[in-house]
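Listing of start_26.cif; format and content: mmCIF, C-alpha atoms; chains and numbers go by the auth columns.
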data_entry
loop_
_atom_site.group_PDB
_atom_site.id
_atom_site.type_symbol
_atom_site.label_atom_id
_atom_site.label_comp_id
_atom_site.label_asym_id
_atom_site.label_seq_id
_atom_site.Cartn_x
_atom_site.Cartn_y
_atom_site.Cartn_z
_atom_site.B_iso_or_equiv
_atom_site.auth_seq_id
_atom_site.auth_asym_id
ATOM 1 C CA MET A 1 -22.013 8.766 -1.627 0.00 13 L
ATOM 2 C CA ASN A 2 -23.472 11.068 -4.251 0.00 14 L
ATOM 3 C CA ARG A 3 -21.231 10.756 -7.322 0.00 15 L
ATOM 4 C CA THR A 4 -21.601 14.506 -7.957 0.00 16 L
ATOM 5 C CA VAL A 5 -19.340 15.004 -4.922 0.00 17 L
ATOM 6 C CA SER A 6 -16.208 16.806 -6.072 0.00 18 L
ATOM 7 C CA ILE A 7 -12.832 15.469 -4.977 0.00 19 L
ATOM 8 C CA ALA A 8 -9.405 17.100 -4.884 0.00 20 L
ATOM 9 C CA LEU A 9 -6.525 14.642 -4.947 0.00 21 L
ATOM 10 C CA ILE A 10 -3.234 15.722 -3.409 0.00 22 L
ATOM 11 C CA GLY A 11 -0.447 13.612 -4.877 0.00 23 L
ATOM 12 C CA ALA A 12 0.336 12.085 -8.275 0.00 24 L
ATOM 13 C CA GLY A 13 2.577 9.158 -7.421 0.00 25 L
ATOM 14 C CA ASN A 14 2.134 5.404 -7.191 0.00 26 L
ATOM 15 C CA LEU A 15 -0.982 5.185 -5.021 0.00 27 L
ATOM 16 C CA ALA A 16 -2.499 8.425 -6.318 0.00 28 L
ATOM 17 C CA THR A 17 -2.386 7.152 -9.904 0.00 29 L
ATOM 18 C CA SER A 18 -4.540 4.063 -9.275 0.00 30 L
ATOM 19 C CA LEU A 19 -6.774 5.956 -6.840 0.00 31 L
ATOM 20 C CA ALA A 20 -7.432 8.721 -9.377 0.00 32 L
ATOM 21 C CA HIS A 21 -8.375 6.172 -12.033 0.00 33 L
ATOM 22 C CA GLY A 22 -10.619 4.379 -9.539 0.00 34 L
ATOM 23 C CA LEU A 23 -12.413 7.577 -8.544 0.00 35 L
ATOM 24 C CA VAL A 24 -13.092 8.545 -12.147 0.00 36 L
ATOM 25 C CA GLU A 25 -14.229 5.004 -13.045 0.00 37 L
ATOM 26 C CA ALA A 26 -16.596 5.076 -10.053 0.00 38 L
ATOM 27 C CA GLY A 27 -18.188 8.214 -11.489 0.00 39 L
ATOM 28 C CA PHE A 28 -16.849 10.811 -9.068 0.00 40 L
ATOM 29 C CA CYS A 29 -15.988 14.340 -10.136 0.00 41 L
ATOM 30 C CA LEU A 30 -12.207 14.581 -9.784 0.00 42 L
ATOM 31 C CA ARG A 31 -12.032 18.340 -9.560 0.00 43 L
ATOM 32 C CA GLN A 32 -8.278 18.704 -9.296 0.00 44 L
ATOM 33 C CA VAL A 33 -4.972 16.838 -9.047 0.00 45 L
ATOM 34 C CA VAL A 34 -2.354 18.729 -7.062 0.00 46 L
ATOM 35 C CA ALA A 35 1.316 17.757 -6.812 0.00 47 L
ATOM 36 C CA ARG A 36 4.706 19.327 -6.163 0.00 48 L
ATOM 37 C CA SER A 37 5.990 18.248 -9.561 0.00 49 L
ATOM 38 C CA GLU A 38 4.323 19.771 -12.616 0.00 50 L
ATOM 39 C CA ALA A 39 5.380 16.810 -14.746 0.00 51 L
ATOM 40 C CA SER A 40 3.704 14.331 -12.369 0.00 52 L
ATOM 41 C CA ALA A 41 0.537 16.386 -11.934 0.00 53 L
ATOM 42 C CA GLN A 42 0.236 16.997 -15.668 0.00 54 L
ATOM 43 C CA ARG A 43 0.836 13.353 -16.549 0.00 55 L
ATOM 44 C CA LEU A 44 -1.915 12.050 -14.279 0.00 56 L
ATOM 45 C CA ALA A 45 -4.368 14.846 -15.050 0.00 57 L
ATOM 46 C CA HIS A 46 -3.939 14.365 -18.789 0.00 58 L
ATOM 47 C CA GLN A 47 -4.548 10.621 -18.469 0.00 59 L
ATOM 48 C CA LEU A 48 -7.976 11.349 -17.030 0.00 60 L
ATOM 49 C CA GLY A 49 -8.834 14.689 -18.606 0.00 61 L
ATOM 50 C CA VAL A 50 -9.070 16.566 -15.305 0.00 62 L
ATOM 51 C CA PRO A 51 -7.587 19.893 -14.110 0.00 63 L
ATOM 52 C CA TYR A 52 -4.271 19.959 -12.277 0.00 64 L
ATOM 53 C CA ALA A 53 -2.282 22.409 -10.205 0.00 65 L
ATOM 54 C CA VAL A 54 1.267 22.635 -8.914 0.00 66 L
ATOM 55 C CA GLY A 55 1.781 23.354 -5.223 0.00 67 L
ATOM 56 C CA LEU A 56 -0.683 23.520 -2.364 0.00 68 L
ATOM 57 C CA HIS A 57 -1.055 27.292 -2.765 0.00 69 L
ATOM 58 C CA SER A 58 -3.114 26.426 -5.879 0.00 70 L
ATOM 59 C CA LEU A 59 -5.371 23.917 -4.089 0.00 71 L
ATOM 60 C CA THR A 60 -9.033 24.579 -4.806 0.00 72 L
ATOM 61 C CA PRO A 61 -11.059 25.628 -1.736 0.00 73 L
ATOM 62 C CA GLU A 62 -14.283 24.337 -3.285 0.00 74 L
ATOM 63 C CA ALA A 63 -13.961 20.521 -3.228 0.00 75 L
ATOM 64 C CA ASP A 64 -16.256 18.394 -1.073 0.00 76 L
ATOM 65 C CA VAL A 65 -13.538 15.852 -0.240 0.00 77 L
ATOM 66 C CA TYR A 66 -9.758 16.197 -0.111 0.00 78 L
ATOM 67 C CA ILE A 67 -7.680 13.025 -0.356 0.00 79 L
ATOM 68 C CA ILE A 68 -4.009 13.161 0.578 0.00 80 L
ATOM 69 C CA ALA A 69 -2.094 10.447 -1.284 0.00 81 L
ATOM 70 C CA VAL A 70 1.537 11.292 -0.582 0.00 82 L
ATOM 71 C CA PRO A 71 4.375 9.424 1.209 0.00 83 L
ATOM 72 C CA ASP A 72 3.757 9.019 4.947 0.00 84 L
ATOM 73 C CA GLY A 73 6.532 11.416 5.947 0.00 85 L
ATOM 74 C CA GLN A 74 4.936 14.252 3.961 0.00 86 L
ATOM 75 C CA ILE A 75 1.396 14.075 5.365 0.00 87 L
ATOM 76 C CA ALA A 76 1.915 16.363 8.368 0.00 88 L
ATOM 77 C CA ASP A 77 3.706 18.940 6.208 0.00 89 L
ATOM 78 C CA VAL A 78 0.894 18.861 3.634 0.00 90 L
ATOM 79 C CA LEU A 79 -1.733 19.371 6.330 0.00 91 L
ATOM 80 C CA ALA A 80 0.213 22.302 7.765 0.00 92 L
ATOM 81 C CA GLN A 81 0.068 24.063 4.381 0.00 93 L
ATOM 82 C CA ILE A 82 -3.690 23.663 3.861 0.00 94 L
ATOM 83 C CA PRO A 83 -5.947 26.345 5.356 0.00 95 L
ATOM 84 C CA PRO A 84 -8.747 25.235 7.696 0.00 96 L
ATOM 85 C CA LEU A 85 -11.529 23.415 5.828 0.00 97 L
ATOM 86 C CA LYS A 86 -14.919 22.036 6.810 0.00 98 L
ATOM 87 C CA ALA A 87 -14.854 19.561 3.917 0.00 99 L
ATOM 88 C CA LEU A 88 -13.984 15.915 4.524 0.00 100 L
ATOM 89 C CA MET A 89 -10.197 15.519 4.685 0.00 101 L
ATOM 90 C CA LEU A 90 -8.721 12.018 4.225 0.00 102 L
ATOM 91 C CA HIS A 91 -5.245 10.543 4.178 0.00 103 L
ATOM 92 C CA THR A 92 -4.395 7.170 2.653 0.00 104 L
ATOM 93 C CA SER A 93 -1.584 5.957 4.910 0.00 105 L
ATOM 94 C CA GLY A 94 -1.405 2.621 6.689 0.00 106 L
ATOM 95 C CA SER A 95 1.034 3.700 9.372 0.00 107 L
ATOM 96 C CA THR A 96 -0.082 7.300 10.055 0.00 108 L
ATOM 97 C CA PRO A 97 -2.638 7.633 12.887 0.00 109 L
ATOM 98 C CA LEU A 98 -5.875 9.570 12.710 0.00 110 L
ATOM 99 C CA SER A 99 -4.399 11.974 15.258 0.00 111 L
ATOM 100 C CA VAL A 100 -2.181 13.541 12.575 0.00 112 L
ATOM 101 C CA PHE A 101 -5.188 15.769 11.803 0.00 113 L
ATOM 102 C CA ASN A 102 -5.825 18.942 13.791 0.00 114 L
ATOM 103 C CA ALA A 103 -9.514 18.592 14.623 0.00 115 L
ATOM 104 C CA GLU A 104 -9.941 22.362 15.040 0.00 116 L
ATOM 105 C CA ARG A 105 -8.653 23.027 11.519 0.00 117 L
ATOM 106 C CA PHE A 106 -10.225 19.947 9.926 0.00 118 L
ATOM 107 C CA PRO A 107 -13.240 18.857 12.013 0.00 119 L
ATOM 108 C CA ARG A 108 -14.256 16.181 9.484 0.00 120 L
ATOM 109 C CA HIS A 109 -11.309 13.934 8.813 0.00 121 L
ATOM 110 C CA GLY A 110 -10.488 10.285 8.324 0.00 122 L
ATOM 111 C CA VAL A 111 -8.418 7.537 6.758 0.00 123 L
ATOM 112 C CA LEU A 112 -8.994 5.781 3.439 0.00 124 L
ATOM 113 C CA TYR A 113 -6.208 3.161 3.342 0.00 125 L
ATOM 114 C CA PRO A 114 -6.065 0.751 0.391 0.00 126 L
ATOM 115 C CA LEU A 115 -4.063 -2.357 1.256 0.00 127 L
ATOM 116 C CA GLN A 116 -2.261 -2.961 -2.015 0.00 128 L
ATOM 117 C CA THR A 117 1.095 -2.457 -3.682 0.00 129 L
ATOM 118 C CA PHE A 118 0.982 0.327 -6.264 0.00 130 L
ATOM 119 C CA SER A 119 3.261 1.433 -9.082 0.00 131 L
ATOM 120 C CA ARG A 120 2.791 4.508 -11.212 0.00 132 L
ATOM 121 C CA GLN A 121 3.265 2.541 -14.436 0.00 133 L
ATOM 122 C CA ARG A 122 0.662 -0.094 -13.521 0.00 134 L
ATOM 123 C CA VAL A 123 -2.905 1.005 -12.789 0.00 135 L
ATOM 124 C CA VAL A 124 -4.517 -1.426 -10.330 0.00 136 L
ATOM 125 C CA SER A 125 -8.253 -2.103 -10.286 0.00 137 L
ATOM 126 C CA LEU A 126 -9.553 -1.209 -6.827 0.00 138 L
ATOM 127 C CA ARG A 127 -12.677 -3.389 -6.838 0.00 139 L
ATOM 128 C CA ASN A 128 -11.145 -6.186 -4.743 0.00 140 L
ATOM 129 C CA VAL A 129 -8.608 -4.104 -2.838 0.00 141 L
ATOM 130 C CA PRO A 130 -9.363 -3.999 0.918 0.00 142 L
ATOM 131 C CA PHE A 131 -9.985 -0.411 2.055 0.00 143 L
ATOM 132 C CA CYS A 132 -9.436 0.210 5.769 0.00 144 L
ATOM 133 C CA ILE A 133 -11.280 3.253 7.036 0.00 145 L
ATOM 134 C CA GLU A 134 -11.447 5.323 10.204 0.00 146 L
ATOM 135 C CA ALA A 135 -12.934 8.771 10.796 0.00 147 L
ATOM 136 C CA SER A 136 -13.387 11.490 13.394 0.00 148 L
ATOM 137 C CA THR A 137 -17.186 11.675 13.640 0.00 149 L
ATOM 138 C CA ALA A 138 -20.218 9.579 12.804 0.00 150 L
ATOM 139 C CA GLN A 139 -20.919 11.779 9.783 0.00 151 L
ATOM 140 C CA ALA A 140 -17.328 11.573 8.562 0.00 152 L
ATOM 141 C CA THR A 141 -17.400 7.794 9.066 0.00 153 L
ATOM 142 C CA ASP A 142 -20.569 7.455 6.989 0.00 154 L
ATOM 143 C CA GLN A 143 -19.103 9.587 4.184 0.00 155 L
ATOM 144 C CA THR A 144 -15.811 7.689 4.192 0.00 156 L
ATOM 145 C CA LEU A 145 -17.639 4.355 4.168 0.00 157 L
ATOM 146 C CA GLU A 146 -19.753 5.440 1.205 0.00 158 L
ATOM 147 C CA LEU A 147 -16.687 6.568 -0.704 0.00 159 L
ATOM 148 C CA ALA A 148 -14.813 3.347 0.055 0.00 160 L
ATOM 149 C CA HIS A 149 -17.790 1.154 -0.935 0.00 161 L
ATOM 150 C CA ALA A 150 -18.023 3.030 -4.241 0.00 162 L
ATOM 151 C CA LEU A 151 -14.419 2.077 -4.954 0.00 163 L
ATOM 152 C CA SER A 152 -14.186 -1.441 -3.542 0.00 164 L
ATOM 153 C CA SER A 153 -16.197 -4.488 -2.548 0.00 165 L
ATOM 154 C CA ARG A 154 -14.011 -4.958 0.556 0.00 166 L
ATOM 155 C CA VAL A 155 -14.272 -2.236 3.197 0.00 167 L
ATOM 156 C CA ILE A 156 -13.128 -2.674 6.809 0.00 168 L
ATOM 157 C CA CYS A 157 -13.462 -0.297 9.763 0.00 169 L
ATOM 158 C CA MET A 158 -10.138 -0.338 11.594 0.00 170 L
ATOM 159 C CA THR A 159 -8.501 1.661 14.393 0.00 171 L
ATOM 160 C CA SER A 160 -5.178 3.437 13.953 0.00 172 L
ATOM 161 C CA GLU A 161 -3.487 0.807 16.134 0.00 173 L
ATOM 162 C CA GLN A 162 -4.920 -2.068 14.089 0.00 174 L
ATOM 163 C CA ARG A 163 -3.971 -0.327 10.873 0.00 175 L
ATOM 164 C CA VAL A 164 -0.322 0.097 11.834 0.00 176 L
ATOM 165 C CA TRP A 165 -0.118 -3.628 12.646 0.00 177 L
ATOM 166 C CA LEU A 166 -1.780 -4.403 9.318 0.00 178 L
ATOM 167 C CA HIS A 167 0.801 -2.220 7.612 0.00 179 L
ATOM 168 C CA LEU A 168 3.556 -4.260 9.274 0.00 180 L
ATOM 169 C CA MET A 169 1.850 -7.458 8.061 0.00 181 L
ATOM 170 C CA GLY A 170 1.830 -5.999 4.574 0.00 182 L
ATOM 171 C CA VAL A 171 5.538 -5.183 4.675 0.00 183 L
ATOM 172 C CA LEU A 172 6.328 -8.739 5.760 0.00 184 L
ATOM 173 C CA GLY A 173 4.031 -10.421 3.262 0.00 185 L
ATOM 174 C CA CYS A 174 4.627 -8.105 0.311 0.00 186 L
ATOM 175 C CA ASN A 175 7.772 -5.979 0.469 0.00 187 L
ATOM 176 C CA PHE A 176 10.005 -8.622 2.056 0.00 188 L
ATOM 177 C CA VAL A 177 8.711 -11.365 -0.232 0.00 189 L
ATOM 178 C CA ASN A 178 9.382 -9.133 -3.240 0.00 190 L
ATOM 179 C CA HIS A 179 12.924 -8.522 -1.988 0.00 191 L
ATOM 180 C CA LEU A 180 13.525 -12.262 -1.730 0.00 192 L
ATOM 181 C CA LEU A 181 12.262 -12.655 -5.296 0.00 193 L
ATOM 182 C CA ALA A 182 14.660 -9.895 -6.342 0.00 194 L
ATOM 183 C CA ILE A 183 17.536 -11.909 -4.828 0.00 195 L
ATOM 184 C CA ALA A 184 16.298 -15.040 -6.619 0.00 196 L
ATOM 185 C CA HIS A 185 16.130 -13.041 -9.852 0.00 197 L
ATOM 186 C CA HIS A 186 19.722 -11.864 -9.401 0.00 198 L
ATOM 187 C CA ILE A 187 20.905 -15.442 -8.881 0.00 199 L
ATOM 188 C CA GLY A 188 18.922 -16.582 -11.917 0.00 200 L
ATOM 189 C CA GLN A 189 20.521 -13.933 -14.087 0.00 201 L
ATOM 190 C CA ARG A 190 23.972 -15.102 -13.023 0.00 202 L
ATOM 191 C CA GLN A 191 23.090 -18.708 -13.849 0.00 203 L
ATOM 192 C CA GLY A 192 21.032 -18.142 -16.993 0.00 204 L
ATOM 193 C CA ILE A 193 17.753 -19.204 -15.349 0.00 205 L
ATOM 194 C CA GLU A 194 14.530 -17.257 -15.948 0.00 206 L
ATOM 195 C CA LEU A 195 12.688 -16.072 -12.842 0.00 207 L
ATOM 196 C CA ASP A 196 9.416 -17.184 -14.449 0.00 208 L
ATOM 197 C CA VAL A 197 10.330 -20.827 -13.806 0.00 209 L
ATOM 198 C CA LEU A 198 9.471 -20.072 -10.156 0.00 210 L
ATOM 199 C CA ARG A 199 5.948 -18.851 -10.969 0.00 211 L
ATOM 200 C CA PRO A 200 4.095 -22.188 -10.438 0.00 212 L
ATOM 201 C CA LEU A 201 5.993 -22.712 -7.188 0.00 213 L
ATOM 202 C CA ILE A 202 5.160 -19.225 -5.903 0.00 214 L
ATOM 203 C CA ASP A 203 1.524 -19.477 -7.027 0.00 215 L
ATOM 204 C CA GLU A 204 1.039 -22.761 -5.161 0.00 216 L
ATOM 205 C CA THR A 205 2.848 -21.431 -2.085 0.00 217 L
ATOM 206 C CA ILE A 206 0.510 -18.435 -1.881 0.00 218 L
ATOM 207 C CA ARG A 207 -2.640 -20.504 -2.510 0.00 219 L
ATOM 208 C CA LYS A 208 -1.629 -23.081 0.083 0.00 220 L
ATOM 209 C CA ALA A 209 -0.790 -20.433 2.678 0.00 221 L
ATOM 210 C CA PHE A 210 -4.227 -18.819 2.367 0.00 222 L
ATOM 211 C CA ASP A 211 -6.145 -22.087 2.083 0.00 223 L
ATOM 212 C CA SER A 212 -4.606 -23.452 5.302 0.00 224 L
ATOM 213 C CA PRO A 213 -5.431 -22.573 8.925 0.00 225 L
ATOM 214 C CA SER A 214 -1.936 -21.087 9.195 0.00 226 L
ATOM 215 C CA PRO A 215 0.954 -20.639 6.753 0.00 227 L
ATOM 216 C CA ALA A 216 3.212 -22.129 9.439 0.00 228 L
ATOM 217 C CA ALA A 217 1.270 -25.401 9.176 0.00 229 L
ATOM 218 C CA VAL A 218 2.278 -25.849 5.533 0.00 230 L
ATOM 219 C CA GLN A 219 5.886 -24.675 5.762 0.00 231 L
ATOM 220 C CA THR A 220 8.276 -26.710 3.632 0.00 232 L
ATOM 221 C CA GLY A 221 11.995 -26.564 2.843 0.00 233 L
ATOM 222 C CA PRO A 222 15.333 -27.491 4.406 0.00 234 L
ATOM 223 C CA ALA A 223 14.845 -25.470 7.618 0.00 235 L
ATOM 224 C CA ILE A 224 11.578 -27.165 8.591 0.00 236 L
ATOM 225 C CA ARG A 225 13.201 -30.556 7.836 0.00 237 L
ATOM 226 C CA GLY A 226 16.280 -29.744 9.897 0.00 238 L
ATOM 227 C CA ASP A 227 18.478 -30.301 6.833 0.00 239 L
ATOM 228 C CA LYS A 228 21.654 -28.659 8.111 0.00 240 L
ATOM 229 C CA ALA A 229 23.750 -29.896 5.190 0.00 241 L
ATOM 230 C CA THR A 230 21.577 -28.099 2.618 0.00 242 L
ATOM 231 C CA ILE A 231 21.340 -24.990 4.784 0.00 243 L
ATOM 232 C CA GLY A 232 25.127 -24.880 5.045 0.00 244 L
ATOM 233 C CA ARG A 233 25.568 -25.385 1.320 0.00 245 L
ATOM 234 C CA HIS A 234 23.065 -22.649 0.456 0.00 246 L
ATOM 235 C CA THR A 235 24.678 -20.280 2.940 0.00 247 L
ATOM 236 C CA ASN A 236 28.088 -20.809 1.348 0.00 248 L
ATOM 237 C CA MET A 237 26.660 -20.295 -2.138 0.00 249 L
ATOM 238 C CA LEU A 238 24.999 -17.034 -1.137 0.00 250 L
ATOM 239 C CA GLY A 239 28.101 -15.917 0.752 0.00 251 L
ATOM 240 C CA SER A 240 30.102 -16.184 -2.463 0.00 252 L
ATOM 241 C CA ILE A 241 27.782 -13.546 -3.963 0.00 253 L
ATOM 242 C CA ASP A 242 26.810 -11.325 -1.018 0.00 254 L
ATOM 243 C CA GLU A 243 27.477 -11.892 2.675 0.00 255 L
ATOM 244 C CA HIS A 244 24.325 -9.972 3.636 0.00 256 L
ATOM 245 C CA TRP A 245 22.209 -12.422 1.648 0.00 257 L
ATOM 246 C CA ALA A 246 23.890 -15.325 3.439 0.00 258 L
ATOM 247 C CA GLU A 247 23.088 -13.686 6.789 0.00 259 L
ATOM 248 C CA LEU A 248 19.491 -13.152 5.686 0.00 260 L
ATOM 249 C CA TYR A 249 19.185 -16.822 4.644 0.00 261 L
ATOM 250 C CA ASN A 250 20.471 -17.973 8.026 0.00 262 L
ATOM 251 C CA ALA A 251 18.230 -15.555 9.928 0.00 263 L
ATOM 252 C CA LEU A 252 15.144 -16.746 8.056 0.00 264 L
ATOM 253 C CA SER A 253 16.106 -20.410 8.460 0.00 265 L
ATOM 254 C CA ASN A 254 16.559 -19.941 12.218 0.00 266 L
ATOM 255 C CA SER A 255 13.236 -18.130 12.426 0.00 267 L
ATOM 256 C CA ILE A 256 11.475 -21.041 10.673 0.00 268 L
ATOM 257 C CA ILE A 257 13.086 -23.533 13.060 0.00 269 L
ATOM 258 C CA LYS A 258 12.161 -21.532 16.181 0.00 270 L
ATOM 259 C CA THR A 259 8.611 -20.844 14.985 0.00 271 L
ATOM 260 C CA ASN A 260 8.062 -24.536 14.282 0.00 272 L
ATOM 261 C CA HIS A 261 9.240 -25.516 17.790 0.00 273 L
ATOM 262 C CA ARG A 262 6.967 -23.113 19.691 0.00 274 L
#
As a first step, turn the structure in this file into structure tokens.
Amino acid sequence: MNRTVSIALIGAGNLATSLAHGLVEAGFCLRQVVARSEASAQRLAHQLGVPYAVGLHSLTPEADVYIIAVPDGQIADVLAQIPPLKALMLHTSGSTPLSVFNAERFPRHGVLYPLQTFSRQRVVSLRNVPFCIEASTAQATDQTLELAHALSSRVICMTSEQRVWLHLMGVLGCNFVNHLLAIAHHIGQRQGIELDVLRPLIDETIRKAFDSPSPAAVQTGPAIRGDKATIGRHTNMLGSIDEHWAELYNALSNSIIKTNHR
């Protein structure tokens, strides 16, 4: 895609922050950052030296590409507030289908979904982030592919149905794992043990899972061994802190046992 293409970015949160940096680093003209919060829009725009606006009523009508990087539940509302445009309109959601766009109002539309966890305070390089794309027409597909390839070395064409399943995979492999680490961190704080002592264990677990034909084939721990005594002891320990964590431990242990016996 021609790097003189001008892009308007709608959103200034977690994903939008890394995406804005990636677009500028790739040489694109980031024409405008638009957000509901002036503080958020100003913060991101000032980081990159680009114009910003507050509210969709101030959205420029002159961009070549509009990228919506807001929480999933806000996408339809954002689209309803934008007047009809012939420019390429993209959203960045994993779980929102292509059909959220009104093809009469936005004939060229698509999805530019980066599969990564983002935080506003931590800008992530996009070069190795998988971008899953889908678009309404052949022309829109070509433009979205070019944009994605300019940002990342890993670009995958994916249907809305595939993308929503991928999003579920991401929640399981990222959000749930992070929650379990948060529980481990809480326990460590109570016992005076640094979470970082787990780093080599977690690193090897992740490497082994991806180097094996299936993560299930390299499962370890008391559940896979059928060690009921340890499972019972751990459940009691967790129950003394939080009953929900004890229930979660048992549910995960039972899931490991059942998966292993399929």
What's the 6 Å shell around stretch 173-180 of chain L, counting only C-alpha atoms, without same-chain residues fewer than 2 positions away, as an mmCIF file with C-alpha atoms, in the frame of the given file?
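Saved to around_21.cif:
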data_model
loop_
_atom_site.group_PDB
_atom_site.id
_atom_site.type_symbol
_atom_site.label_atom_id
_atom_site.label_comp_id
_atom_site.auth_asym_id
_atom_site.auth_seq_id
_atom_site.Cartn_x
_atom_site.Cartn_y
_atom_site.Cartn_z
ATOM 1 C CA GLY L 106 -1.405 2.621 6.689
ATOM 2 C CA SER L 107 1.034 3.700 9.372
ATOM 3 C CA THR L 171 -8.501 1.661 14.393
ATOM 4 C CA GLY L 182 1.830 -5.999 4.574
ATOM 5 C CA VAL L 183 5.538 -5.183 4.675
#
Apply the PyMOL selection byres ((chain L and resi 229-239) around 9) to the file shown and report the selected residues as a list in words.
Thr217, Lys220, Ala221, Ser224, Pro225, Ser226, Pro227, Ala228, Lys240, Ala241, Thr242, Ile243, Gly244, Leu264, Ser265, Asn266, Ser267, Ile268, Ile269 and Asn272 of chain L
Go through stretch 98-143 of chain L and flag each residue having an atom no more than 7 Å from stretch 20-28 of chain L; for those, report the closest pair of atoms plus their distance in Å to one decimal, using only C-alpha atoms, ordered by chain and rising number, as JSON lines.
{"residue": "L:Phe130", "atom": "CA", "partner": "L:Asn26", "partner_atom": "CA", "distance": 5.3}
{"residue": "L:Ser131", "atom": "CA", "partner": "L:Asn26", "partner_atom": "CA", "distance": 4.5}
{"residue": "L:Arg132", "atom": "CA", "partner": "L:Asn26", "partner_atom": "CA", "distance": 4.2}
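Pairwise distance (atom CA of L:Glu216, atom CA of L:His256) equals 28.0 Å.
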Applied to this file, what does the PyMOL selection byres ((chain L and resi 82-98) around 6) return in terms of residues, put as an mmCIF file with C-alpha atoms, keeping the file's coordinate frame?
data_model
loop_
_atom_site.group_PDB
_atom_site.id
_atom_site.type_symbol
_atom_site.label_atom_id
_atom_site.label_comp_id
_atom_site.auth_asym_id
_atom_site.auth_seq_id
_atom_site.Cartn_x
_atom_site.Cartn_y
_atom_site.Cartn_z
ATOM 1 C CA GLY L 23 -0.447 13.612 -4.877
ATOM 2 C CA ILE L 80 -4.009 13.161 0.578
ATOM 3 C CA ALA L 81 -2.094 10.447 -1.284
ATOM 4 C CA ALA L 99 -14.854 19.561 3.917
ATOM 5 C CA ARG L 117 -8.653 23.027 11.519
ATOM 6 C CA PHE L 118 -10.225 19.947 9.926
#
Write out as a list in words each polymer residue whose atoms come within 9 Å of L:Thr149, counting all atoms listed in the file; drop sequence neighbours fewer than 3 positions from it.
Pro119, Arg120, His121, Gly122, Ala152, Thr153 and Asp154 of chain L
Can you tell me, as a ChimeraX atom specification, which residues sit within 7 Å of (-18.7, 16.9, -9.8) in the file's frame, using only C-alpha atoms?
/L:16-18,40-43
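Between atom CA of L:Pro212 and atom CA of L:Leu260 lies a distance of 24.1 Å.
Coordinates place atom CA of L:Gly61 at a distance of 18.3 Å from atom CA of L:Arg134.
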